[in-house]
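Pasted below: start_2.csv, CSV, C-alpha atoms.
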chain,number,residue,atom,x,y,z
I,1,MET,CA,19.7,-47.9,19.3
I,2,ARG,CA,18.9,-47.4,23.0
I,3,ARG,CA,22.5,-48.6,23.9
I,4,ALA,CA,24.1,-46.4,21.2
I,5,LEU,CA,22.4,-43.3,22.5
I,6,PRO,CA,24.3,-42.8,25.8
I,7,VAL,CA,27.6,-43.6,24.1
I,8,SER,CA,27.1,-41.0,21.4
I,9,THR,CA,25.9,-38.5,24.0
I,10,ILE,CA,29.0,-39.0,26.1
I,11,ALA,CA,31.1,-38.7,23.0
I,12,LEU,CA,29.4,-35.4,22.1
I,13,ILE,CA,29.7,-34.0,25.6
I,14,SER,CA,33.4,-34.9,25.8
I,15,ALA,CA,34.0,-33.4,22.3
I,16,PHE,CA,32.4,-30.1,23.1
I,17,ALA,CA,33.7,-29.9,26.7
I,18,ALA,CA,35.8,-26.9,27.5
I,19,ALA,CA,39.5,-27.3,27.8
I,20,PRO,CA,40.7,-28.0,31.4
I,21,GLY,CA,41.7,-24.9,33.3
I,22,SER,CA,45.4,-24.3,34.1
I,23,ALA,CA,46.8,-25.1,37.5
I,24,ASP,CA,47.4,-22.2,39.9
I,25,VAL,CA,51.0,-21.0,39.9
I,26,LEU,CA,52.5,-19.1,42.8
I,27,CYS,CA,55.5,-16.8,42.2
I,28,ASP,CA,57.8,-15.2,44.8
I,29,ILE,CA,58.0,-11.4,44.4
I,30,THR,CA,56.0,-9.9,41.6
I,31,ILE,CA,56.6,-6.3,40.6
I,32,PRO,CA,54.4,-4.3,38.3
I,33,ALA,CA,56.3,-2.6,35.4
I,34,THR,CA,55.7,-0.6,32.3
I,35,MET,CA,57.7,0.0,29.2
I,36,VAL,CA,60.2,2.9,28.9
I,37,ASP,CA,61.1,2.3,25.2
I,38,THR,CA,58.6,1.7,22.5
I,39,ILE,CA,58.8,-1.6,20.6
I,40,GLY,CA,56.7,-2.1,17.5
I,41,SER,CA,56.4,-5.3,15.6
I,42,ALA,CA,56.9,-3.3,12.4
I,43,HIS,CA,60.5,-2.3,13.1
I,44,ALA,CA,61.8,-4.3,16.1
I,45,TYR,CA,64.2,-7.1,15.6
I,46,PRO,CA,64.9,-10.3,17.6
I,47,GLY,CA,67.6,-9.6,20.2
I,48,GLU,CA,66.8,-5.8,20.4
I,49,ARG,CA,67.2,-4.3,23.9
I,50,PHE,CA,64.4,-2.4,25.5
I,51,ARG,CA,64.1,-0.6,28.8
I,52,PHE,CA,61.2,-0.8,31.3
I,53,LYS,CA,60.7,0.5,34.8
I,54,THR,CA,58.9,-0.6,37.9
I,55,THR,CA,55.7,1.2,38.8
I,56,ALA,CA,55.6,0.3,42.5
I,57,ALA,CA,58.1,0.0,45.3
I,58,SER,CA,59.0,-3.5,46.4
I,59,LYS,CA,61.4,-5.3,48.6
I,60,PHE,CA,63.7,-8.3,47.8
I,61,GLY,CA,65.5,-9.6,50.9
I,62,ASP,CA,67.4,-6.6,52.2
I,63,VAL,CA,67.2,-4.7,49.0
I,64,ASP,CA,64.6,-2.0,48.5
I,65,ILE,CA,63.4,-1.8,44.9
I,66,PRO,CA,62.1,1.7,44.4
I,67,GLU,CA,59.3,2.7,42.1
I,68,GLY,CA,60.8,3.8,38.8
I,69,ALA,CA,63.8,1.5,39.0
I,70,GLU,CA,64.9,0.9,35.4
I,71,GLY,CA,65.3,-2.6,34.0
I,72,MET,CA,66.3,-4.0,30.7
I,73,GLY,CA,65.2,-6.9,28.5
I,74,VAL,CA,65.5,-8.3,25.0
I,75,VAL,CA,63.0,-8.9,22.3
I,76,ARG,CA,62.7,-12.6,22.1
I,77,TYR,CA,60.6,-12.9,19.0
I,78,VAL,CA,59.1,-10.5,16.6
I,79,GLN,CA,56.8,-11.0,13.6
I,80,GLY,CA,55.7,-8.0,11.5
I,81,ALA,CA,52.2,-7.7,10.2
I,82,LYS,CA,51.8,-9.1,6.7
I,83,SER,CA,49.3,-9.3,4.0
I,84,ARG,CA,46.4,-11.8,4.3
I,85,ASN,CA,45.4,-10.6,7.8
I,86,ARG,CA,48.5,-11.9,9.5
I,87,GLY,CA,48.9,-9.6,12.5
I,88,GLY,CA,52.1,-8.6,14.2
I,89,LEU,CA,53.4,-10.4,17.3
I,90,LEU,CA,56.0,-9.6,20.0
I,91,ILE,CA,57.5,-11.8,22.7
I,92,LEU,CA,59.5,-9.8,25.2
I,93,GLU,CA,62.0,-11.1,27.8
I,94,PRO,CA,62.7,-8.7,30.7
I,95,ARG,CA,66.0,-9.7,32.2
I,96,PHE,CA,67.1,-7.5,35.2
I,97,ILE,CA,66.4,-4.4,37.2
I,98,SER,CA,69.3,-2.1,38.0
I,99,ILE,CA,69.6,-0.8,41.6
I,100,GLY,CA,72.6,1.5,41.5
I,101,GLU,CA,75.5,-0.6,40.3
I,102,SER,CA,73.9,-3.9,41.2
I,103,ARG,CA,71.4,-5.9,39.1
I,104,ILE,CA,68.5,-8.1,40.2
I,105,ALA,CA,67.6,-10.8,37.8
I,106,VAL,CA,63.9,-10.9,36.9
I,107,MET,CA,61.8,-12.7,34.4
I,108,SER,CA,58.4,-12.2,32.8
I,109,ASP,CA,55.6,-13.2,35.1
I,110,PRO,CA,54.8,-16.6,33.5
I,111,ARG,CA,51.2,-16.2,34.5
I,112,GLU,CA,50.8,-13.5,31.9
I,113,THR,CA,50.9,-14.3,28.2
I,114,ALA,CA,54.2,-14.4,26.4
I,115,GLU,CA,52.8,-13.4,23.1
I,116,TRP,CA,51.6,-9.9,22.6
I,117,ALA,CA,49.3,-9.4,19.6
I,118,HIS,CA,46.1,-7.6,18.7
I,119,MET,CA,43.0,-9.2,20.1
I,120,ALA,CA,40.4,-10.4,17.6
I,121,THR,CA,37.7,-7.8,17.1
I,122,LEU,CA,34.1,-8.6,17.3
I,123,THR,CA,34.0,-8.6,13.5
I,124,ASP,CA,36.8,-11.1,13.3
I,125,GLU,CA,35.1,-13.4,15.8
I,126,GLY,CA,31.8,-13.0,13.9
I,127,ILE,CA,33.5,-13.9,10.6
I,128,SER,CA,35.1,-17.0,12.2
I,129,MET,CA,31.6,-18.3,12.9
I,130,ILE,CA,30.7,-18.3,9.2
I,131,PRO,CA,30.7,-22.0,8.3
I,132,ILE,CA,32.0,-21.5,4.8
I,133,GLY,CA,35.8,-21.7,4.7
I,134,MET,CA,36.3,-20.2,1.3
I,135,LEU,CA,34.4,-17.0,2.0
I,136,GLN,CA,36.4,-16.5,5.2
I,137,THR,CA,39.7,-17.2,3.3
I,138,ALA,CA,38.7,-14.7,0.6
I,139,ILE,CA,38.1,-11.9,3.2
I,140,HIS,CA,41.4,-12.6,5.0
I,141,TYR,CA,43.2,-12.7,1.7
I,142,LEU,CA,42.5,-9.1,0.9
I,143,ARG,CA,42.9,-7.7,4.4
I,144,PRO,CA,46.3,-6.6,5.7
I,145,GLY,CA,47.3,-7.5,9.2
I,146,THR,CA,48.0,-4.9,11.9
I,147,ASN,CA,51.2,-4.4,13.9
I,148,VAL,CA,51.4,-4.4,17.6
I,149,ILE,CA,53.2,-1.6,19.5
I,150,LEU,CA,54.2,-1.8,23.2
I,151,GLY,CA,55.4,1.5,24.7
I,152,PRO,CA,55.1,3.6,27.8
I,153,GLY,CA,51.7,2.8,29.4
I,154,PHE,CA,51.9,-0.8,28.5
I,155,LYS,CA,51.7,-2.7,31.8
I,156,PHE,CA,53.1,-6.1,32.7
I,157,HIS,CA,54.7,-7.8,35.7
I,158,VAL,CA,58.1,-9.2,36.4
I,159,VAL,CA,59.1,-11.8,38.9
I,160,VAL,CA,62.3,-11.7,40.9
I,161,MET,CA,64.6,-14.7,40.2
I,162,GLU,CA,66.5,-15.4,43.4
I,163,ASP,CA,68.4,-18.4,42.2
I,164,LEU,CA,67.2,-20.8,39.5
I,165,ILE,CA,69.5,-23.6,40.8
I,166,SER,CA,68.2,-23.9,44.3
I,167,ARG,CA,64.7,-22.4,44.2
I,168,GLU,CA,62.2,-22.0,41.4
I,169,PRO,CA,60.7,-18.5,41.2
I,170,CYS,CA,57.3,-20.0,40.5
I,171,ARG,CA,55.7,-23.3,41.3
I,172,PRO,CA,52.2,-24.9,41.3
I,173,SER,CA,50.4,-24.2,44.5
I,174,THR,CA,50.8,-27.8,45.6
I,175,HIS,CA,54.4,-28.2,44.6
I,176,SER,CA,57.4,-28.4,46.9
I,177,THR,CA,59.4,-25.2,47.1
I,178,GLU,CA,62.7,-27.0,46.7
I,179,ARG,CA,63.6,-27.7,43.2
I,180,ARG,CA,63.5,-31.3,41.9
I,181,GLN,CA,64.5,-33.0,45.1
I,182,SER,CA,64.1,-36.4,43.4
I,183,SER,CA,66.1,-35.7,40.3
I,184,PRO,CA,69.9,-36.2,40.4
I,185,GLU,CA,72.1,-33.1,40.8
I,186,PRO,CA,74.0,-32.1,37.7
I,187,SER,CA,77.6,-33.1,37.6
I,188,PRO,CA,80.0,-30.2,38.2
I,189,SER,CA,81.1,-28.5,35.0
I,190,PRO,CA,84.4,-29.7,33.7
I,191,GLU,CA,87.2,-27.3,34.0
I,192,ILE,CA,89.9,-26.7,31.5
F,193,MET,CA,41.2,-3.0,-19.4
F,194,ARG,CA,38.5,-2.9,-16.7
F,195,LEU,CA,40.2,-5.9,-15.1
F,196,LEU,CA,43.5,-4.0,-14.6
F,197,PRO,CA,42.7,-2.6,-11.1
F,198,LEU,CA,41.6,-6.1,-10.0
F,199,LEU,CA,44.8,-7.6,-11.4
F,200,VAL,CA,46.9,-5.0,-9.6
F,201,LEU,CA,44.9,-5.6,-6.4
F,202,LEU,CA,45.5,-9.4,-6.7
F,203,LEU,CA,49.2,-8.9,-7.3
F,204,LEU,CA,49.5,-6.7,-4.2
F,205,ALA,CA,47.5,-9.2,-2.1
F,206,THR,CA,49.7,-12.1,-3.1
F,207,ALA,CA,53.0,-10.3,-3.1
F,208,VAL,CA,55.7,-11.8,-0.8
F,209,PRO,CA,56.5,-9.3,2.0
F,210,ALA,CA,59.8,-7.6,1.7
F,211,ASN,CA,62.6,-8.7,4.1
F,212,ALA,CA,65.6,-6.6,3.4
F,213,TRP,CA,67.3,-7.0,6.8
F,214,VAL,CA,68.9,-9.8,8.8
F,215,THR,CA,69.6,-10.3,12.5
F,216,MET,CA,73.3,-10.7,13.3
F,217,CYS,CA,74.1,-12.0,16.8
F,218,ASN,CA,77.1,-12.8,18.9
F,219,ALA,CA,78.4,-16.4,18.4
F,220,ALA,CA,75.6,-18.9,18.7
F,221,ILE,CA,76.5,-21.7,21.1
F,222,PRO,CA,74.9,-25.1,20.5
F,223,ALA,CA,73.0,-26.6,23.4
F,224,THR,CA,70.7,-29.5,24.3
F,225,MET,CA,68.2,-30.2,27.0
F,226,VAL,CA,69.2,-32.1,30.1
F,227,ASP,CA,65.8,-32.3,31.8
F,228,THR,CA,62.7,-33.3,29.9
F,229,VAL,CA,59.9,-30.7,29.7
F,230,SER,CA,56.6,-31.7,28.4
F,231,SER,CA,53.6,-29.5,27.7
F,232,ALA,CA,51.4,-32.1,29.4
F,233,THR,CA,53.1,-31.7,32.8
F,234,ALA,CA,55.2,-28.5,32.8
F,235,TYR,CA,54.0,-25.3,34.5
F,236,PRO,CA,54.9,-21.7,33.9
F,237,GLY,CA,58.0,-20.7,35.8
F,238,MET,CA,59.3,-24.3,36.0
F,239,ALA,CA,63.1,-24.4,36.0
F,240,PHE,CA,65.0,-26.9,33.7
F,241,ARG,CA,68.6,-27.6,32.9
F,242,PHE,CA,70.4,-27.7,29.6
F,243,LYS,CA,74.0,-28.1,28.6
F,244,ILE,CA,76.1,-26.7,25.9
F,245,THR,CA,77.4,-29.2,23.4
F,246,ALA,CA,80.6,-27.6,22.2
F,247,ASP,CA,83.5,-25.7,23.8
F,248,ALA,CA,82.6,-22.1,23.6
F,249,ASN,CA,84.0,-18.7,24.2
F,250,ILE,CA,81.2,-16.8,25.9
F,251,LEU,CA,82.3,-13.2,26.0
F,252,GLY,CA,85.8,-14.0,26.8
F,253,ALA,CA,85.2,-17.0,29.2
F,254,ILE,CA,86.2,-20.3,27.7
F,255,VAL,CA,83.4,-22.7,28.7
F,256,PRO,CA,83.8,-26.4,28.0
F,257,GLU,CA,81.3,-28.7,26.4
F,258,ASP,CA,78.7,-30.2,28.8
F,259,THR,CA,78.6,-27.1,31.0
F,260,ILE,CA,75.2,-26.9,32.7
F,261,GLY,CA,72.9,-24.0,32.2
F,262,TYR,CA,69.5,-23.1,33.6
F,263,GLY,CA,66.3,-21.8,32.1
F,264,TYR,CA,62.6,-21.6,32.9
F,265,VAL,CA,59.4,-22.4,31.2
F,266,ARG,CA,58.0,-19.0,30.0
F,267,GLU,CA,54.7,-20.3,28.7
F,268,VAL,CA,53.0,-23.7,28.4
F,269,THR,CA,49.8,-24.8,26.8
F,270,ALA,CA,48.8,-28.4,27.3
F,271,ALA,CA,47.1,-30.3,24.4
F,272,SER,CA,43.4,-30.4,24.7
F,273,ASN,CA,40.3,-31.4,22.8
F,274,HIS,CA,39.2,-29.8,19.6
F,275,ASP,CA,42.6,-30.7,18.1
F,276,ARG,CA,44.4,-28.0,20.1
F,277,ASN,CA,48.1,-29.0,20.3
F,278,GLY,CA,50.3,-28.3,23.2
F,279,SER,CA,53.1,-25.7,23.0
F,280,LEU,CA,56.1,-24.6,25.0
F,281,ALA,CA,58.1,-21.4,25.2
F,282,LEU,CA,61.4,-21.7,27.0
F,283,ASP,CA,63.8,-19.0,28.2
F,284,MET,CA,67.4,-20.0,28.7
F,285,ARG,CA,68.9,-17.7,31.3
F,286,GLU,CA,72.4,-18.7,32.5
F,287,VAL,CA,75.3,-21.0,32.1
F,288,ILE,CA,77.1,-21.9,35.4
F,289,TYR,CA,80.9,-22.3,35.1
F,290,LYS,CA,83.3,-22.3,38.1
F,291,ASN,CA,80.4,-21.0,40.3
F,292,LYS,CA,80.0,-18.0,38.0
F,293,GLU,CA,76.7,-17.2,36.3
F,294,ILE,CA,77.2,-16.3,32.7
F,295,GLN,CA,74.1,-14.7,31.3
F,296,VAL,CA,72.8,-16.1,28.0
F,297,ILE,CA,69.7,-15.6,25.9
F,298,ASN,CA,68.0,-17.9,23.5
F,299,ASP,CA,69.2,-17.4,20.0
F,300,PRO,CA,66.3,-15.2,18.8
F,301,ARG,CA,66.7,-16.6,15.3
F,302,ASP,CA,65.5,-20.0,16.6
F,303,ALA,CA,61.8,-20.5,17.0
F,304,ALA,CA,60.3,-19.0,20.2
F,305,ILE,CA,57.4,-21.4,20.6
F,306,TRP,CA,57.8,-25.2,20.2
F,307,ALA,CA,54.8,-27.2,19.1
F,308,PRO,CA,54.2,-30.4,17.3
F,309,VAL,CA,54.9,-30.1,13.6
F,310,GLU,CA,51.9,-30.3,11.3
F,311,THR,CA,51.7,-33.5,9.4
F,312,THR,CA,51.4,-33.6,5.7
F,313,VAL,CA,47.8,-34.7,5.9
F,314,GLU,CA,47.0,-31.8,8.2
F,315,ARG,CA,48.7,-29.4,5.9
F,316,ALA,CA,47.0,-30.8,2.9
F,317,SER,CA,43.6,-30.6,4.5
F,318,GLY,CA,44.2,-26.9,4.9
F,319,TYR,CA,44.0,-26.5,1.2
F,320,LEU,CA,40.8,-28.3,0.7
F,321,PRO,CA,38.2,-25.8,-0.5
F,322,ILE,CA,35.4,-27.7,1.3
F,323,PRO,CA,33.0,-26.0,3.6
F,324,GLY,CA,34.6,-25.2,6.9
F,325,LEU,CA,32.0,-27.2,8.8
F,326,VAL,CA,33.5,-30.5,7.6
F,327,ARG,CA,37.0,-29.6,8.8
F,328,GLN,CA,35.6,-28.2,12.0
F,329,ALA,CA,33.7,-31.4,12.7
F,330,VAL,CA,36.9,-33.5,12.2
F,331,ASN,CA,38.9,-31.3,14.5
F,332,GLU,CA,36.1,-31.2,17.0
F,333,VAL,CA,36.5,-34.8,18.0
F,334,ARG,CA,40.3,-35.0,17.6
F,335,HIS,CA,42.5,-34.5,20.6
F,336,GLY,CA,45.6,-32.4,20.2
F,337,LYS,CA,49.2,-33.6,20.7
F,338,ASP,CA,51.6,-32.5,23.5
F,339,VAL,CA,55.1,-31.5,22.8
F,340,THR,CA,58.1,-32.9,24.8
F,341,LEU,CA,61.5,-31.3,24.7
F,342,GLY,CA,64.2,-33.5,26.3
F,343,PRO,CA,67.8,-34.7,25.8
F,344,GLY,CA,68.5,-34.6,22.1
F,345,PHE,CA,66.5,-31.5,21.5
F,346,ASN,CA,69.0,-29.0,20.1
F,347,PHE,CA,68.9,-25.3,20.2
F,348,HIS,CA,71.3,-22.3,20.5
F,349,VAL,CA,72.1,-19.7,23.2
F,350,ILE,CA,74.0,-16.5,22.9
F,351,GLY,CA,76.2,-14.8,25.5
F,352,TRP,CA,74.9,-11.6,26.9
F,353,GLY,CA,77.4,-9.4,28.7
F,354,ASP,CA,76.5,-6.0,30.1
F,355,PRO,CA,73.4,-5.1,28.2
F,356,ARG,CA,73.8,-1.5,29.0
F,357,LYS,CA,76.9,-1.4,26.8
F,358,MET,CA,76.4,-4.1,24.2
F,359,HIS,CA,73.7,-5.5,22.0
F,360,PRO,CA,73.5,-9.3,21.8
F,361,CYS,CA,72.1,-8.9,18.3
F,362,ARG,CA,72.0,-6.3,15.7
F,363,LYS,CA,69.8,-5.5,12.8
F,364,VAL,CA,71.7,-5.3,9.5
F,365,GLY,CA,69.9,-3.7,6.6
F,366,THR,CA,66.8,-1.7,6.5
Encoded form (structure tokens):
Amino acid sequence: MRRALPVSTIALISAFAAAPGSADVLCDITIPATMVDTIGSAHAYPGERFRFKTTAASKFGDVDIPEGAEGMGVVRYVQGAKSRNRGGLLILEPRFISIGESRIAVMSDPRETAEWAHMATLTDEGISMIPIGMLQTAIHYLRPGTNVILGPGFKFHVVVMEDLISREPCRPSTHSTERRQSSPEPSPSPEI
Amino acid sequence: MRLLPLLVLLLLATAVPANAWVTMCNAAIPATMVDTVSSATAYPGMAFRFKITADANILGAIVPEDTIGYGYVREVTAASNHDRNGSLALDMREVIYKNKEIQVINDPRDAAIWAPVETTVERASGYLPIPGLVRQAVNEVRHGKDVTLGPGFNFHVIGWGDPRKMHPCRKVGT
């Protein structure tokens, strides 16, 4: 019994331990942005275009990116709210910022979440603590989900992608800046 | 008769949601991974390579099979304790042909987030009307599984020309 106690204690501690934190990721040029168009999970469709604009001036090499520069992206995934407490969900993919006739490739800041949905309310969190699955299921069964709407005022960040081939736009803080030096280079694309 | 409102309510609650529209996109091009990306070791923003697996006409450019493309890891969650599985969201960005970058997007009709498939036992356990505590206790001590996407993992990309002039996908129906 005395021997079993530490083992069970360790097992309990490891079972209830918090998940390990994510590693720090450093990105090159991060620009704050906000939506221009309004995208709602009730009516959006995958592949739909949307516009956004920068909310602060930035510089990328010799190029000045002014505040208010317009960009464009696509809706990567959309799920409308449904019955049984299934909330709406949106995944957006910003693609580029237009500066005059030129385009600067950008991507979502990968340090932010990809999935935009309503947060659980205090009531939801409280209900999830109730240790009787059937009661919780019954409540959710009768409750409709809510849609998520992202429009002007919704803030996010984009990261400038200089060149995915030679340099990763983001990397762990301890990672080499050059991309996959140890991995073989891809063979050149065949030509017809 | 008094049960009628309750029956109507039940019917409404269990009704299948209407889906009267479909997404139509430019030609979907089959592709597969070249690099291996695992939710155990990947980090957000990590670049990876893929290749297309069939000759394709991407917005007028004839691109042969095995042409290399690049993408990055949009979101990654490593598997952890309490039965939390790992997941990966990948963004395919461009196909490189004759030193030219041809912009592509993921086929939005494919899944956006990749995670281990639920086993039959796991799915069945979701239907058990037993007190949640039992299920919670089982999951509490179970470690989640990571997801690994590598060569052989197939998906689709779609060519994206000038987005100011054209939609890569359209909604057909209402």
Which residue, F:Ile288, F:Val313, F:Val349, F:Ala219, has the smallest gap to chain I when you use all atoms listed in the file?
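Comparing F:Ile288, F:Val313, F:Val349, F:Ala219 against chain I, the winner is F:Ile288.
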Which of these residues is nearest to Thr55 in chain I, using all atoms listed in the file: I:Met161, I:Pro110, I:Val74, I:Gly153?
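Among the listed residues, I:Gly153 lies closest to Thr55 in chain I.
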Record the distance separating CA of Tyr141 in chain I and CA of Thr121 in chain I, expressed in Å with one decimal.
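Atom-to-atom, CA of Tyr141 in chain I and CA of Thr121 in chain I are spaced 17.1 Å apart.
Put simply, CA of Gly88 in chain I is 14.7 Å away from CA of Thr38 in chain I.
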Asp227 in chain F proximity check over F:Ala303, F:Cys361, F:Leu341, F:Ile294, using only C-alpha atoms: winner is F:Leu341
Students should find that CA of Thr224 in chain F and CA of Cys170 in chain I are spaced 23.1 Å
Go ahead and find all residues with at least one atom no further than 10 Å from (74.8, -5.1, 23.7) in the file's coordinates, using all atoms listed in the file; report them as a ChimeraX atom specification.
/I:47-49,74 /F:217-218,351-362
Show me the residues close to (60.6, -24.4, 40.3) - anything with an atom within 7 Å, counting all atoms listed in the file - and format the list as a list in words.
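Residues with an atom at most 7 Å from (60.6, -24.4, 40.3): Arg167, Glu168, Pro169, Cys170, Arg171, Thr177 and Arg179 of chain I; Gly237, Met238 and Ala239 of chain F.
If you measure from each of F:Ile260, F:Ile221, F:Val287, F:Ile350 to chain I using all atoms listed in the file, the closest one turns out to be F:Ile260.
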Would you list the contacts of Gly344 in chain F as a ChimeraX atom specification, taking every protein, DNA or RNA residue within 10 Å and counting only C-alpha atoms, but skipping same-chain residues closer than 6 positions in sequence?
/F:223-226,228
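Distances from I:Ser41, I:Thr123, I:Thr113, I:Ser173 to chain F were compared using all atoms listed in the file, and the smallest one belongs to I:Thr113.
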For chain I, which residue among F:Ala246, F:Val309, F:Val265, F:Val229 is the nearest when counting all atoms listed in the file?
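Among the listed residues, the smallest separation from chain I belongs to F:Val265.
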If you count all atoms listed in the file, which residues fall within 12 Å of Thr146 in chain I, apart from same-chain ones fewer than 5 positions away, as a ChimeraX atom specification?
/I:40-42,79-89,117-121
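Using all atoms listed in the file, the protein and nucleic acid residues lying no more than 8 Å from Asn298 in chain F, apart from those fewer than 6 places from it along its own chain, are Arg76 of chain I; Asp283, Met284, Arg285, His348, Val349 and Ile350 of chain F.
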